[in-house]
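Coordinates as given in coords-v6.cif (mmCIF, C-alpha atoms):
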data_final
#
loop_
_atom_site.group_PDB
_atom_site.id
_atom_site.type_symbol
_atom_site.label_atom_id
_atom_site.label_comp_id
_atom_site.auth_asym_id
_atom_site.auth_seq_id
_atom_site.Cartn_x
_atom_site.Cartn_y
_atom_site.Cartn_z
ATOM 1 C CA MET J 458 -82.873 -60.394 -178.789
ATOM 2 C CA VAL J 459 -84.067 -57.372 -176.808
ATOM 3 C CA THR J 460 -85.125 -58.337 -173.291
ATOM 4 C CA PRO J 461 -88.466 -56.754 -172.299
ATOM 5 C CA LYS J 462 -88.559 -54.679 -169.125
ATOM 6 C CA GLN J 463 -91.049 -57.052 -167.500
ATOM 7 C CA PRO J 464 -91.833 -60.730 -168.194
ATOM 8 C CA MET J 465 -94.349 -61.146 -170.995
ATOM 9 C CA LEU J 466 -96.140 -64.405 -171.674
ATOM 10 C CA THR J 467 -97.795 -65.532 -174.837
ATOM 11 C CA ALA J 468 -101.456 -66.522 -174.619
ATOM 12 C CA ALA J 469 -100.429 -70.185 -174.851
ATOM 13 C CA GLN J 470 -97.866 -69.809 -172.050
ATOM 14 C CA GLU J 471 -100.363 -68.016 -169.818
ATOM 15 C CA THR J 472 -102.982 -70.698 -170.424
ATOM 16 C CA PHE J 473 -100.471 -73.416 -169.632
ATOM 17 C CA LEU J 474 -99.268 -71.821 -166.382
ATOM 18 C CA ARG J 475 -102.829 -71.196 -165.206
ATOM 19 C CA GLY J 476 -103.884 -74.788 -165.794
ATOM 20 C CA ARG J 477 -104.751 -76.767 -162.661
ATOM 21 C CA SER J 478 -105.137 -80.513 -162.374
ATOM 22 C CA ASN J 479 -107.220 -82.485 -159.885
ATOM 23 C CA ALA J 480 -105.193 -85.596 -160.697
ATOM 24 C CA MET J 481 -101.894 -83.833 -160.009
ATOM 25 C CA GLY J 482 -103.290 -82.334 -156.797
ATOM 26 C CA PHE J 483 -104.272 -85.782 -155.521
ATOM 27 C CA TYR J 484 -100.902 -87.187 -156.570
ATOM 28 C CA LEU J 485 -98.908 -84.523 -154.700
ATOM 29 C CA VAL J 486 -100.892 -84.856 -151.462
ATOM 30 C CA LEU J 487 -100.738 -88.647 -151.663
ATOM 31 C CA HIS J 488 -97.007 -88.469 -152.420
ATOM 32 C CA ALA J 489 -96.348 -86.437 -149.273
ATOM 33 C CA TRP J 490 -98.215 -88.888 -147.050
ATOM 34 C CA VAL J 491 -96.709 -91.966 -148.707
ATOM 35 C CA VAL J 492 -93.179 -90.607 -148.167
ATOM 36 C CA ILE J 493 -94.050 -89.945 -144.515
ATOM 37 C CA GLY J 494 -95.442 -93.455 -144.114
ATOM 38 C CA LEU J 495 -92.486 -95.150 -145.811
ATOM 39 C CA SER J 496 -90.025 -93.089 -143.769
ATOM 40 C CA MET J 497 -91.725 -94.221 -140.579
ATOM 41 C CA ALA J 498 -91.676 -97.822 -141.800
ATOM 42 C CA LEU J 499 -87.959 -97.526 -142.572
ATOM 43 C CA PHE J 500 -87.083 -96.798 -138.958
ATOM 44 C CA VAL J 501 -89.634 -99.249 -137.535
ATOM 45 C CA ALA J 502 -88.216 -102.051 -139.680
ATOM 46 C CA TRP J 503 -84.502 -101.179 -139.213
ATOM 47 C CA PRO J 504 -84.133 -99.117 -136.035
ATOM 48 C CA ASN J 505 -80.651 -97.599 -135.900
ATOM 49 C CA PRO J 506 -79.137 -94.095 -135.726
ATOM 50 C CA LEU J 507 -78.803 -93.797 -139.519
ATOM 51 C CA THR J 508 -82.421 -94.695 -140.302
ATOM 52 C CA PHE J 509 -83.580 -92.471 -137.438
ATOM 53 C CA VAL J 510 -81.805 -89.415 -138.865
ATOM 54 C CA ALA J 511 -83.031 -90.250 -142.371
ATOM 55 C CA ALA J 512 -86.612 -90.648 -141.144
ATOM 56 C CA ILE J 513 -86.554 -87.358 -139.230
ATOM 57 C CA ALA J 514 -85.167 -85.470 -142.245
ATOM 58 C CA LEU J 515 -87.560 -87.050 -144.745
ATOM 59 C CA ILE J 516 -90.640 -86.711 -142.556
ATOM 60 C CA GLY J 517 -89.817 -83.126 -141.561
ATOM 61 C CA GLY J 518 -89.271 -82.343 -145.244
ATOM 62 C CA ARG J 519 -92.683 -83.750 -146.178
ATOM 63 C CA GLN J 520 -94.326 -81.925 -143.267
ATOM 64 C CA LEU J 521 -93.007 -78.765 -144.872
ATOM 65 C CA GLY J 522 -94.243 -80.243 -148.144
ATOM 66 C CA LEU J 523 -97.767 -80.431 -146.710
ATOM 67 C CA ALA J 524 -97.495 -76.761 -145.726
ATOM 68 C CA ILE J 525 -96.340 -75.957 -149.265
ATOM 69 C CA LEU J 526 -99.311 -77.799 -150.744
ATOM 70 C CA MET J 527 -101.604 -75.889 -148.373
ATOM 71 C CA HIS J 528 -99.942 -72.742 -149.711
ATOM 72 C CA ASP J 529 -100.858 -73.823 -153.244
ATOM 73 C CA ALA J 530 -104.413 -74.317 -151.996
ATOM 74 C CA ALA J 531 -104.339 -70.774 -150.576
ATOM 75 C CA HIS J 532 -103.814 -69.602 -154.169
ATOM 76 C CA ARG J 533 -106.487 -72.090 -155.315
ATOM 77 C CA ALA J 534 -103.830 -73.767 -157.435
ATOM 78 C CA LEU J 535 -103.758 -77.243 -155.848
ATOM 79 C CA PHE J 536 -106.992 -78.512 -157.458
ATOM 80 C CA LYS J 537 -109.133 -77.308 -160.341
ATOM 81 C CA ASN J 538 -112.256 -77.720 -158.227
ATOM 82 C CA THR J 539 -112.501 -74.932 -155.626
ATOM 83 C CA GLN J 540 -114.340 -76.940 -152.960
ATOM 84 C CA LEU J 541 -111.940 -79.841 -153.340
ATOM 85 C CA ASN J 542 -109.004 -77.430 -153.254
ATOM 86 C CA ASP J 543 -110.063 -75.872 -149.969
ATOM 87 C CA PHE J 544 -111.147 -79.118 -148.269
ATOM 88 C CA VAL J 545 -108.044 -81.154 -149.081
ATOM 89 C CA GLY J 546 -105.735 -78.171 -148.607
ATOM 90 C CA ALA J 547 -107.143 -77.563 -145.132
ATOM 91 C CA HIS J 548 -107.793 -81.066 -143.768
ATOM 92 C CA PHE J 549 -105.040 -83.151 -145.367
ATOM 93 C CA CYS J 550 -102.285 -80.519 -145.694
ATOM 94 C CA GLY J 551 -102.669 -77.654 -143.226
ATOM 95 C CA PHE J 552 -104.365 -78.969 -140.101
ATOM 96 C CA PRO J 553 -102.040 -81.959 -139.532
ATOM 97 C CA VAL J 554 -99.034 -79.611 -139.243
ATOM 98 C CA GLY J 555 -100.897 -77.003 -137.190
ATOM 99 C CA ALA J 556 -101.740 -74.529 -139.955
ATOM 100 C CA SER J 557 -105.117 -73.037 -140.867
ATOM 101 C CA LEU J 558 -105.807 -72.415 -144.555
ATOM 102 C CA ALA J 559 -108.620 -69.974 -143.737
ATOM 103 C CA LEU J 560 -106.348 -67.822 -141.552
ATOM 104 C CA TYR J 561 -103.292 -68.188 -143.771
ATOM 105 C CA ARG J 562 -104.882 -67.145 -147.078
ATOM 106 C CA PRO J 563 -105.614 -63.430 -146.348
ATOM 107 C CA TYR J 564 -102.345 -63.024 -144.469
ATOM 108 C CA HIS J 565 -100.345 -64.565 -147.307
ATOM 109 C CA LEU J 566 -102.099 -62.641 -150.076
ATOM 110 C CA SER J 567 -101.200 -59.442 -148.206
ATOM 111 C CA HIS J 568 -97.574 -60.562 -148.392
ATOM 112 C CA HIS J 569 -97.927 -60.865 -152.169
ATOM 113 C CA ARG J 570 -99.530 -57.431 -152.523
ATOM 114 C CA HIS J 571 -96.797 -55.716 -150.494
ATOM 115 C CA THR J 572 -93.701 -57.876 -151.034
ATOM 116 C CA GLN J 573 -90.714 -56.406 -149.159
ATOM 117 C CA GLN J 574 -92.571 -53.153 -148.534
ATOM 118 C CA PRO J 575 -93.382 -51.673 -145.097
ATOM 119 C CA GLU J 576 -96.896 -53.173 -145.277
ATOM 120 C CA ASP J 577 -95.581 -56.692 -145.908
ATOM 121 C CA PRO J 578 -96.544 -58.875 -142.905
ATOM 122 C CA ASP J 579 -93.543 -61.107 -143.676
ATOM 123 C CA LEU J 580 -91.024 -58.279 -143.615
ATOM 124 C CA ILE J 581 -90.154 -59.204 -140.024
ATOM 125 C CA LEU J 582 -88.651 -62.418 -141.386
ATOM 126 C CA SER J 583 -86.258 -60.814 -143.881
ATOM 127 C CA ALA J 584 -85.544 -57.271 -142.661
ATOM 128 C CA PRO J 585 -83.036 -58.158 -139.875
ATOM 129 C CA PHE J 586 -80.641 -59.902 -142.268
ATOM 130 C CA PRO J 587 -77.715 -60.139 -142.628
ATOM 131 C CA ILE J 588 -76.948 -61.391 -139.132
ATOM 132 C CA THR J 589 -73.779 -62.780 -137.599
ATOM 133 C CA ILE J 590 -72.814 -66.420 -137.956
ATOM 134 C CA THR J 591 -72.949 -66.736 -134.161
ATOM 135 C CA SER J 592 -76.533 -65.501 -134.091
ATOM 136 C CA PHE J 593 -77.470 -67.881 -136.890
ATOM 137 C CA LYS J 594 -75.918 -70.888 -135.127
ATOM 138 C CA ARG J 595 -77.788 -70.000 -131.955
ATOM 139 C CA LYS J 596 -81.054 -69.978 -133.877
ATOM 140 C CA MET J 597 -80.242 -73.299 -135.535
ATOM 141 C CA TRP J 598 -79.607 -74.912 -132.153
ATOM 142 C CA ARG J 599 -82.932 -73.625 -130.838
ATOM 143 C CA ASP J 600 -84.665 -75.022 -133.913
ATOM 144 C CA ILE J 601 -83.093 -78.473 -133.855
ATOM 145 C CA LEU J 602 -83.603 -78.857 -130.094
ATOM 146 C CA GLY J 603 -87.293 -78.050 -130.415
ATOM 147 C CA VAL J 604 -87.131 -74.777 -128.485
ATOM 148 C CA THR J 605 -88.374 -72.703 -131.429
ATOM 149 C CA GLY J 606 -91.264 -75.066 -132.129
ATOM 150 C CA TYR J 607 -92.291 -75.048 -128.473
ATOM 151 C CA GLN J 608 -92.084 -71.253 -128.218
ATOM 152 C CA ARG J 609 -94.069 -70.692 -131.410
ATOM 153 C CA ARG J 610 -96.856 -73.028 -130.406
ATOM 154 C CA LEU J 611 -96.975 -71.519 -126.906
ATOM 155 C CA GLU J 612 -97.312 -68.024 -128.373
ATOM 156 C CA GLN J 613 -100.048 -69.238 -130.720
ATOM 157 C CA PHE J 614 -101.898 -70.768 -127.767
ATOM 158 C CA LYS J 615 -101.597 -67.578 -125.719
ATOM 159 C CA PHE J 616 -102.801 -65.413 -128.607
ATOM 160 C CA THR J 617 -105.758 -67.721 -129.286
ATOM 161 C CA MET J 618 -106.820 -67.920 -125.639
ATOM 162 C CA GLY J 619 -106.721 -64.158 -125.176
ATOM 163 C CA LYS J 620 -106.846 -62.490 -121.784
ATOM 164 C CA ASP J 621 -110.293 -63.502 -120.609
ATOM 165 C CA ALA J 622 -110.434 -63.832 -116.832
ATOM 166 C CA SER J 623 -112.216 -67.182 -117.081
ATOM 167 C CA LEU J 624 -109.863 -70.107 -117.599
ATOM 168 C CA ALA J 625 -112.754 -72.195 -118.905
ATOM 169 C CA ARG J 626 -113.543 -69.679 -121.639
ATOM 170 C CA ARG J 627 -109.879 -69.379 -122.594
ATOM 171 C CA LEU J 628 -109.567 -73.158 -122.857
ATOM 172 C CA ALA J 629 -112.786 -73.294 -124.894
ATOM 173 C CA LYS J 630 -111.310 -70.785 -127.349
ATOM 174 C CA LEU J 631 -108.137 -72.850 -127.621
ATOM 175 C CA VAL J 632 -110.007 -76.091 -128.270
ATOM 176 C CA ALA J 633 -112.243 -74.397 -130.851
ATOM 177 C CA HIS J 634 -109.200 -73.038 -132.666
ATOM 178 C CA GLU J 635 -107.163 -76.242 -132.480
ATOM 179 C CA LYS J 636 -109.962 -78.785 -132.935
ATOM 180 C CA TYR J 637 -108.938 -79.807 -136.452
ATOM 181 C CA PHE J 638 -105.278 -80.095 -135.513
ATOM 182 C CA ILE J 639 -106.321 -82.255 -132.554
ATOM 183 C CA ALA J 640 -108.645 -84.368 -134.717
ATOM 184 C CA SER J 641 -106.104 -84.942 -137.488
ATOM 185 C CA ASN J 642 -103.337 -85.798 -135.054
ATOM 186 C CA ALA J 643 -105.618 -88.044 -133.019
ATOM 187 C CA THR J 644 -106.470 -89.886 -136.242
ATOM 188 C CA LEU J 645 -102.781 -90.301 -137.022
ATOM 189 C CA LEU J 646 -102.140 -91.590 -133.491
ATOM 190 C CA LEU J 647 -105.036 -94.034 -133.862
ATOM 191 C CA ILE J 648 -103.722 -95.359 -137.185
ATOM 192 C CA LEU J 649 -100.249 -95.880 -135.742
ATOM 193 C CA SER J 650 -101.702 -97.503 -132.627
ATOM 194 C CA VAL J 651 -103.712 -99.965 -134.727
ATOM 195 C CA ALA J 652 -100.474 -100.716 -136.594
ATOM 196 C CA GLY J 653 -98.854 -101.522 -133.242
ATOM 197 C CA VAL J 654 -96.419 -98.586 -133.236
ATOM 198 C CA TRP J 655 -98.230 -95.924 -131.187
ATOM 199 C CA TRP J 656 -94.883 -94.482 -130.129
ATOM 200 C CA ALA J 657 -94.126 -93.536 -133.746
ATOM 201 C CA TYR J 658 -96.599 -90.653 -133.468
ATOM 202 C CA PHE J 659 -94.419 -88.991 -130.840
ATOM 203 C CA VAL J 660 -90.995 -90.010 -132.184
ATOM 204 C CA LEU J 661 -91.640 -89.918 -135.929
ATOM 205 C CA TRP J 662 -94.319 -87.253 -136.258
ATOM 206 C CA LEU J 663 -94.212 -84.732 -133.415
ATOM 207 C CA LEU J 664 -90.419 -84.799 -133.081
ATOM 208 C CA PRO J 665 -89.716 -83.911 -136.755
ATOM 209 C CA LEU J 666 -92.484 -81.298 -136.618
ATOM 210 C CA MET J 667 -90.863 -79.620 -133.617
ATOM 211 C CA THR J 668 -87.271 -79.903 -134.868
ATOM 212 C CA TRP J 669 -86.304 -80.455 -138.508
ATOM 213 C CA TYR J 670 -89.458 -78.737 -139.783
ATOM 214 C CA GLN J 671 -88.409 -75.636 -137.827
ATOM 215 C CA VAL J 672 -84.862 -75.761 -139.217
ATOM 216 C CA ILE J 673 -85.835 -75.985 -142.855
ATOM 217 C CA SER J 674 -88.657 -73.458 -142.455
ATOM 218 C CA ARG J 675 -86.094 -70.922 -141.232
ATOM 219 C CA VAL J 676 -83.668 -71.682 -144.072
ATOM 220 C CA ARG J 677 -86.476 -71.421 -146.619
ATOM 221 C CA ASN J 678 -87.664 -68.098 -145.158
ATOM 222 C CA ILE J 679 -84.144 -66.715 -145.404
ATOM 223 C CA ALA J 680 -83.662 -67.935 -148.967
ATOM 224 C CA GLU J 681 -86.882 -66.425 -150.264
ATOM 225 C CA HIS J 682 -86.552 -62.756 -149.288
ATOM 226 C CA ALA J 683 -83.531 -62.057 -147.066
ATOM 227 C CA VAL J 684 -80.577 -60.030 -148.425
ATOM 228 C CA VAL J 685 -82.147 -59.641 -151.861
ATOM 229 C CA GLY J 686 -80.925 -57.171 -154.464
ATOM 230 C CA ASP J 687 -83.702 -54.576 -154.607
ATOM 231 C CA ASN J 688 -86.879 -54.495 -152.511
ATOM 232 C CA ASN J 689 -88.644 -52.415 -155.177
ATOM 233 C CA ASP J 690 -87.822 -54.587 -158.190
ATOM 234 C CA ARG J 691 -90.116 -57.589 -158.733
ATOM 235 C CA LEU J 692 -87.224 -59.476 -160.303
ATOM 236 C CA ARG J 693 -84.913 -58.777 -157.354
ATOM 237 C CA ASN J 694 -87.058 -58.680 -154.194
ATOM 238 C CA THR J 695 -87.689 -62.431 -154.255
ATOM 239 C CA ARG J 696 -85.141 -65.183 -154.754
ATOM 240 C CA THR J 697 -85.106 -68.474 -156.609
ATOM 241 C CA THR J 698 -82.562 -70.935 -155.246
ATOM 242 C CA LEU J 699 -81.311 -73.475 -157.761
ATOM 243 C CA THR J 700 -80.353 -76.680 -155.993
ATOM 244 C CA ASN J 701 -79.974 -80.421 -156.430
ATOM 245 C CA GLY J 702 -82.406 -83.283 -155.925
ATOM 246 C CA LEU J 703 -81.147 -84.244 -152.473
ATOM 247 C CA MET J 704 -81.614 -80.728 -151.118
ATOM 248 C CA ARG J 705 -85.079 -80.543 -152.650
ATOM 249 C CA MET J 706 -85.928 -83.836 -150.967
ATOM 250 C CA VAL J 707 -85.089 -82.735 -147.413
ATOM 251 C CA LEU J 708 -85.235 -78.931 -147.565
ATOM 252 C CA ALA J 709 -87.222 -77.616 -150.550
ATOM 253 C CA PRO J 710 -89.991 -80.050 -151.528
ATOM 254 C CA TYR J 711 -92.535 -79.471 -154.262
ATOM 255 C CA TRP J 712 -90.528 -76.843 -156.126
ATOM 256 C CA VAL J 713 -90.738 -74.262 -153.349
ATOM 257 C CA ASN J 714 -87.232 -73.117 -154.292
ATOM 258 C CA TYR J 715 -88.697 -71.420 -157.415
ATOM 259 C CA HIS J 716 -90.022 -68.581 -155.308
ATOM 260 C CA LEU J 717 -89.354 -65.711 -157.713
ATOM 261 C CA GLU J 718 -91.428 -67.450 -160.372
ATOM 262 C CA HIS J 719 -94.198 -67.988 -157.827
ATOM 263 C CA HIS J 720 -94.326 -64.263 -157.036
ATOM 264 C CA LEU J 721 -94.369 -63.279 -160.698
ATOM 265 C CA PHE J 722 -97.039 -65.841 -161.630
ATOM 266 C CA VAL J 723 -99.013 -66.405 -158.428
ATOM 267 C CA TYR J 724 -101.697 -68.441 -160.177
ATOM 268 C CA THR J 725 -99.222 -71.147 -161.241
ATOM 269 C CA PRO J 726 -99.385 -74.570 -159.526
ATOM 270 C CA CYS J 727 -96.127 -75.511 -157.837
ATOM 271 C CA TRP J 728 -95.390 -78.324 -160.292
ATOM 272 C CA LYS J 729 -95.315 -75.846 -163.197
ATOM 273 C CA LEU J 730 -92.830 -73.433 -161.603
ATOM 274 C CA PRO J 731 -89.776 -75.030 -163.307
ATOM 275 C CA ALA J 732 -91.495 -74.352 -166.650
ATOM 276 C CA ALA J 733 -92.134 -70.746 -165.602
ATOM 277 C CA HIS J 734 -88.447 -70.451 -164.719
ATOM 278 C CA GLN J 735 -87.448 -71.702 -168.148
ATOM 279 C CA MET J 736 -89.767 -69.165 -169.815
ATOM 280 C CA LEU J 737 -87.999 -66.344 -167.970
ATOM 281 C CA ILE J 738 -84.576 -67.661 -168.945
ATOM 282 C CA GLU J 739 -85.614 -67.923 -172.579
ATOM 283 C CA GLN J 740 -86.766 -64.287 -172.495
ATOM 284 C CA GLY J 741 -83.290 -63.264 -171.356
ATOM 285 C CA PHE J 742 -84.139 -62.298 -167.773
ATOM 286 C CA ALA J 743 -81.465 -64.412 -166.064
ATOM 287 C CA PRO J 744 -79.006 -61.494 -165.476
ATOM 288 C CA ARG J 745 -81.761 -59.426 -163.819
ATOM 289 C CA MET J 746 -83.237 -62.217 -161.683
ATOM 290 C CA GLU J 747 -82.360 -62.778 -158.030
ATOM 291 C CA LEU J 748 -80.888 -66.252 -158.370
ATOM 292 C CA ALA J 749 -78.726 -68.277 -155.985
ATOM 293 C CA ARG J 750 -76.714 -71.372 -156.808
ATOM 294 C CA GLY J 751 -77.663 -73.360 -153.759
ATOM 295 C CA TYR J 752 -78.715 -72.691 -150.170
ATOM 296 C CA TRP J 753 -75.140 -72.424 -148.910
ATOM 297 C CA GLU J 754 -74.658 -69.354 -151.103
ATOM 298 C CA VAL J 755 -77.732 -67.729 -149.570
ATOM 299 C CA LEU J 756 -76.714 -68.571 -146.006
ATOM 300 C CA ARG J 757 -73.243 -67.116 -146.545
ATOM 301 C CA LYS J 758 -74.811 -63.810 -147.572
ATOM 302 C CA ALA J 759 -77.369 -63.944 -144.757
ATOM 303 C CA THR J 760 -74.693 -64.501 -142.073
ATOM 304 C CA ALA J 761 -72.145 -61.989 -143.358
ATOM 305 C CA LYS J 762 -72.701 -59.356 -140.675
ATOM 306 C CA ASP J 763 -69.596 -58.246 -138.771
ATOM 307 C CA PRO J 764 -69.901 -59.324 -135.097
ATOM 308 C CA SER J 765 -68.371 -56.024 -134.005
ATOM 309 C CA SER J 766 -71.039 -53.926 -135.742
ATOM 310 C CA PRO J 767 -73.834 -52.403 -133.631
ATOM 311 C CA GLN J 768 -77.067 -54.353 -133.182
ATOM 312 C CA ALA J 769 -75.445 -57.513 -134.535
ATOM 313 C CA SER J 770 -78.450 -59.695 -133.868
ATOM 314 C CA GLY J 771 -81.320 -61.072 -135.864
ATOM 315 C CA PRO J 772 -84.938 -62.046 -135.468
ATOM 316 C CA SER J 773 -85.878 -64.255 -132.576
ATOM 317 C CA GLY J 774 -87.812 -66.659 -134.764
ATOM 318 C CA ARG J 775 -90.724 -66.459 -132.325
ATOM 319 C CA SER J 776 -93.105 -64.294 -134.340
ATOM 320 C CA ARG J 777 -96.678 -65.562 -134.161
ATOM 321 C CA SER J 778 -97.233 -64.518 -137.768
ATOM 322 C CA ALA J 779 -94.213 -66.238 -139.315
ATOM 323 C CA SER J 780 -95.081 -67.175 -142.875
ATOM 324 C CA LEU J 781 -95.328 -70.752 -144.057
ATOM 325 C CA ILE J 782 -94.391 -69.967 -147.623
#

Exercise: express the given structure as structure tokens:
Amino acid sequence: MVTPKQPMLTAAQETFLRGRSNAMGFYLVLHAWVVIGLSMALFVAWPNPLTFVAAIALIGGRQLGLAILMHDAAHRALFKNTQLNDFVGAHFCGFPVGASLALYRPYHLSHHRHTQQPEDPDLILSAPFPITITSFKRKMWRDILGVTGYQRRLEQFKFTMGKDASLARRLAKLVAHEKYFIASNATLLLILSVAGVWWAYFVLWLLPLMTWYQVISRVRNIAEHAVVGDNNDRLRNTRTTLTNGLMRMVLAPYWVNYHLEHHLFVYTPCWKLPAAHQMLIEQGFAPRMELARGYWEVLRKATAKDPSSPQASGPSGRSRSASLI
């Protein structure tokens, strides 16, 4: 079999990959929230260090999952119905974790148009790699201790408020920008308060959002575009990371690890990305694809910089425009 220079789909394959499903969209969003709820219930029912760590990891993973589903909505791939896609993607996926679908969509589509090129708004996330292992550990500590989450939100607040001399006007801008985040989180706090566990909002929602969510967002960012083979080759400037079910559960929910397939077929809903991957393999593209056998393999490459080399440091992780997906 002669491998074509670029992936080619049959009409049937293209139709399949383009197909959206309202039922699947509802299922995925409901799944994320059910996992969050059950993880909270796990610790509430059996409070101990093991269930606490499990709850933080599972909830933080599904918070990233909500961001991933918002990303699907940004491509109008979460639901078949456009209005439903944008409403659910914004109010039930993005806003609860502090993300705006309306602001994210144009930014993210620019990333797709200019992947790994100077115009790519996400290039700041991948260009500094590889970094040293010491630099990477320092970043991980900042993430898990909540420093990164605090710094990012503070920078977002400052950017939103602007430099108006009037404090009242600056606060009004902040409230207007954050009103849906405030409303969704207030609703979550109310639900937990009615359930008699008001404290769970702070311990089992905000804490994972400020810690584990930051950790896995950084790892995912690195895996997708850092230290790739060729910035000018569509099969090499984006990486797919093949991993096991446990890692997908806590680090790469909703098939986000199939990132190369997402870039090649941007219209494909996340739940069809494994099928897109198989289509590429069957066409013989595996040797040309940027593939990694697990996240440890990626992190080894991303932290391979010699500490004695000049400018042996990486990104601060504090960019206001850091991509979700």

- Do you know which residues are at most 7 Å from region 696-713 of chain J counting all atoms listed in the file, after dropping those on the same chain fewer than 5 positions away, and could you put them as a list of chain:residue names?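 In the requested format, the answer is J:Ala514, J:Leu515, J:Gly518, J:Gly522, J:Ile673, J:Ala680, J:Glu681, J:His682, J:Val685, J:Cys727, J:Trp728, J:Leu730, J:Glu747, J:Leu748, J:Ala749, J:Arg750, J:Gly751, J:Tyr752.
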
- Task: Name the closest residue to His734 (chain J) among the candidates J:Gln540, J:Pro464, J:Trp503, J:Leu535; distances are taken between atoms, counting only C-alpha atoms.
- Result: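 The answer is J:Pro464, which sits nearest to His734 (chain J).
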
Could you give me, as a Markdown table, a per-residue list for region 643-715 of chain J showing, wherever an atom lies at most 12 Å from an atom of region 549-563 of chain J, the closest pair of atoms and their distance in Å to one decimal, using only C-alpha atoms and sorting by chain then residue number from low to high?
| residue | atom | partner | partner_atom | distance |
| --- | --- | --- | --- | --- |
| J:Ala643 | CA | J:Pro553 | CA | 9.6 |
| J:Thr644 | CA | J:Pro553 | CA | 9.7 |
| J:Leu645 | CA | J:Pro553 | CA | 8.7 |
| J:Leu646 | CA | J:Pro553 | CA | 11.4 |
| J:Tyr658 | CA | J:Pro553 | CA | 11.9 |
| J:Trp662 | CA | J:Val554 | CA | 9.5 |
| J:Leu663 | CA | J:Val554 | CA | 9.1 |
| J:Leu664 | CA | J:Val554 | CA | 11.8 |
| J:Pro665 | CA | J:Val554 | CA | 10.6 |
| J:Leu666 | CA | J:Val554 | CA | 7.3 |
| J:Met667 | CA | J:Val554 | CA | 9.9 |
| J:Tyr670 | CA | J:Val554 | CA | 9.6 |
| J:Gln671 | CA | J:Val554 | CA | 11.4 |

- Selection result for the PyMOL selection byres ((chain J and resi 500) around 10) on this file, as a PyMOL selection string: chain J and resi 495-499+501-513+657+661

- Residue nearest Ala733 (chain J) among J:Arg745, J:Ile639, J:His716, J:Thr760 (counting only C-alpha atoms):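 Going through J:Arg745, J:Ile639, J:His716, J:Thr760 one by one, the smallest distance to Ala733 (chain J) is for J:His716.
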
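If all atoms listed in the file are the atoms counted, then among J:Ala480, J:Phe614, J:Phe742, J:Asp763 the closest residue to Arg627 (chain J) is J:Phe614.
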
- Between CA of Ala640 (chain J) and CA of Leu485 (chain J), what is the spacing in Å? 22.2 Å

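Among the candidate residues J:Tyr724, J:His634, J:Asn479, J:His569, the one lying nearest to Gln613 (chain J) is J:His634, with distances computed using all atoms listed in the file.
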
- Message: Taking the file as I've supplied it (selection: the PyMOL selection byres ((chain J and resi 572) around 9)), which residues are included? Please answer as a PyMOL selection string.
- Response: chain J and resi 567-571+573-580+682+688-689+691+694-695+720

- Message: Restricting the calculation to only C-alpha atoms: of J:Ala759, J:Val654, J:Ala584, J:Ala530, which residue gets closest to Phe483 (chain J)?
- Response: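 That would be J:Ala530, the residue with the smallest distance to Phe483 (chain J).
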
Taking only residues of region 677-697 of chain J that have an atom at most 9 Å from an atom of region 585-597 of chain J, what is each one's shortest atom pair and its distance in Å to one decimal, using all atoms listed in the file, in chain and number order, as JSON lines?
{"residue": "J:Ile679", "atom": "CA", "partner": "J:Phe586", "partner_atom": "CA", "distance": 8.3}
{"residue": "J:Ala683", "atom": "CA", "partner": "J:Phe586", "partner_atom": "CA", "distance": 6.0}
{"residue": "J:Val684", "atom": "CA", "partner": "J:Phe586", "partner_atom": "CA", "distance": 6.2}

Dump C-alpha atoms for the selected residues as a PDB file, in the coordinates of the input?
ATOM      1  CA  ILE J 679     -84.144 -66.715-145.404  1.00  0.00           C
ATOM      2  CA  ALA J 683     -83.531 -62.057-147.066  1.00  0.00           C
ATOM      3  CA  VAL J 684     -80.577 -60.030-148.425  1.00  0.00           C
TER       4      VAL J 684
END

- Compile the contact shell of Thr617 (chain J) as number ranges by chain: residues with an atom at most 12 Å away, counting only C-alpha atoms, same-chain residues fewer than 6 positions apart removed. J: 610-611, 626-635, 777

- Could you work out how far CA of Arg677 (chain J) lies from CA of Arg757 (chain J), giving the answer in Å with one decimal?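 These atoms are spaced 13.9 Å apart.
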
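Computed from the coordinates, the CA of Glu612 (chain J) to CA of Leu624 (chain J) distance equals 16.7 Å.
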
- Query: Hey, what's within 9 Å of Phe473 (chain J) if we count all atoms listed in the file and toss same-chain stuff fewer than 5 positions away? As a list of chain:residue names, please?
  - Reply: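 Contacts, with the query itself left out: J:Ala468, J:Thr725, J:Lys729.
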
- Item | Spatial neighbours of Ala489 (chain J), max dist 9 Å, only C-alpha atoms, sep filter under 2 positions, as number ranges by chain | J: 484-487, 491-494, 516, 519-520, 522-523

- Message: For Ser478 (chain J), find every residue with an atom within 9 Å (counting all atoms listed in the file), except residues of its own chain fewer than 5 positions away, and show them as a list in words.
- Response: Phe483, Ala534, Leu535, Phe536, Lys537, Asn538 and Pro726 of chain J

Keeping only C-alpha atoms, take the residues you just selected and write them out as a PDB file, in the frame of the given file.
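Result file again26.pdb:
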ATOM      1  CA  PHE J 483    -104.272 -85.782-155.521  1.00  0.00           C
ATOM      2  CA  ALA J 534    -103.830 -73.767-157.435  1.00  0.00           C
ATOM      3  CA  LEU J 535    -103.758 -77.243-155.848  1.00  0.00           C
ATOM      4  CA  PHE J 536    -106.992 -78.512-157.458  1.00  0.00           C
ATOM      5  CA  LYS J 537    -109.133 -77.308-160.341  1.00  0.00           C
ATOM      6  CA  ASN J 538    -112.256 -77.720-158.227  1.00  0.00           C
ATOM      7  CA  PRO J 726     -99.385 -74.570-159.526  1.00  0.00           C
TER       8      PRO J 726
END
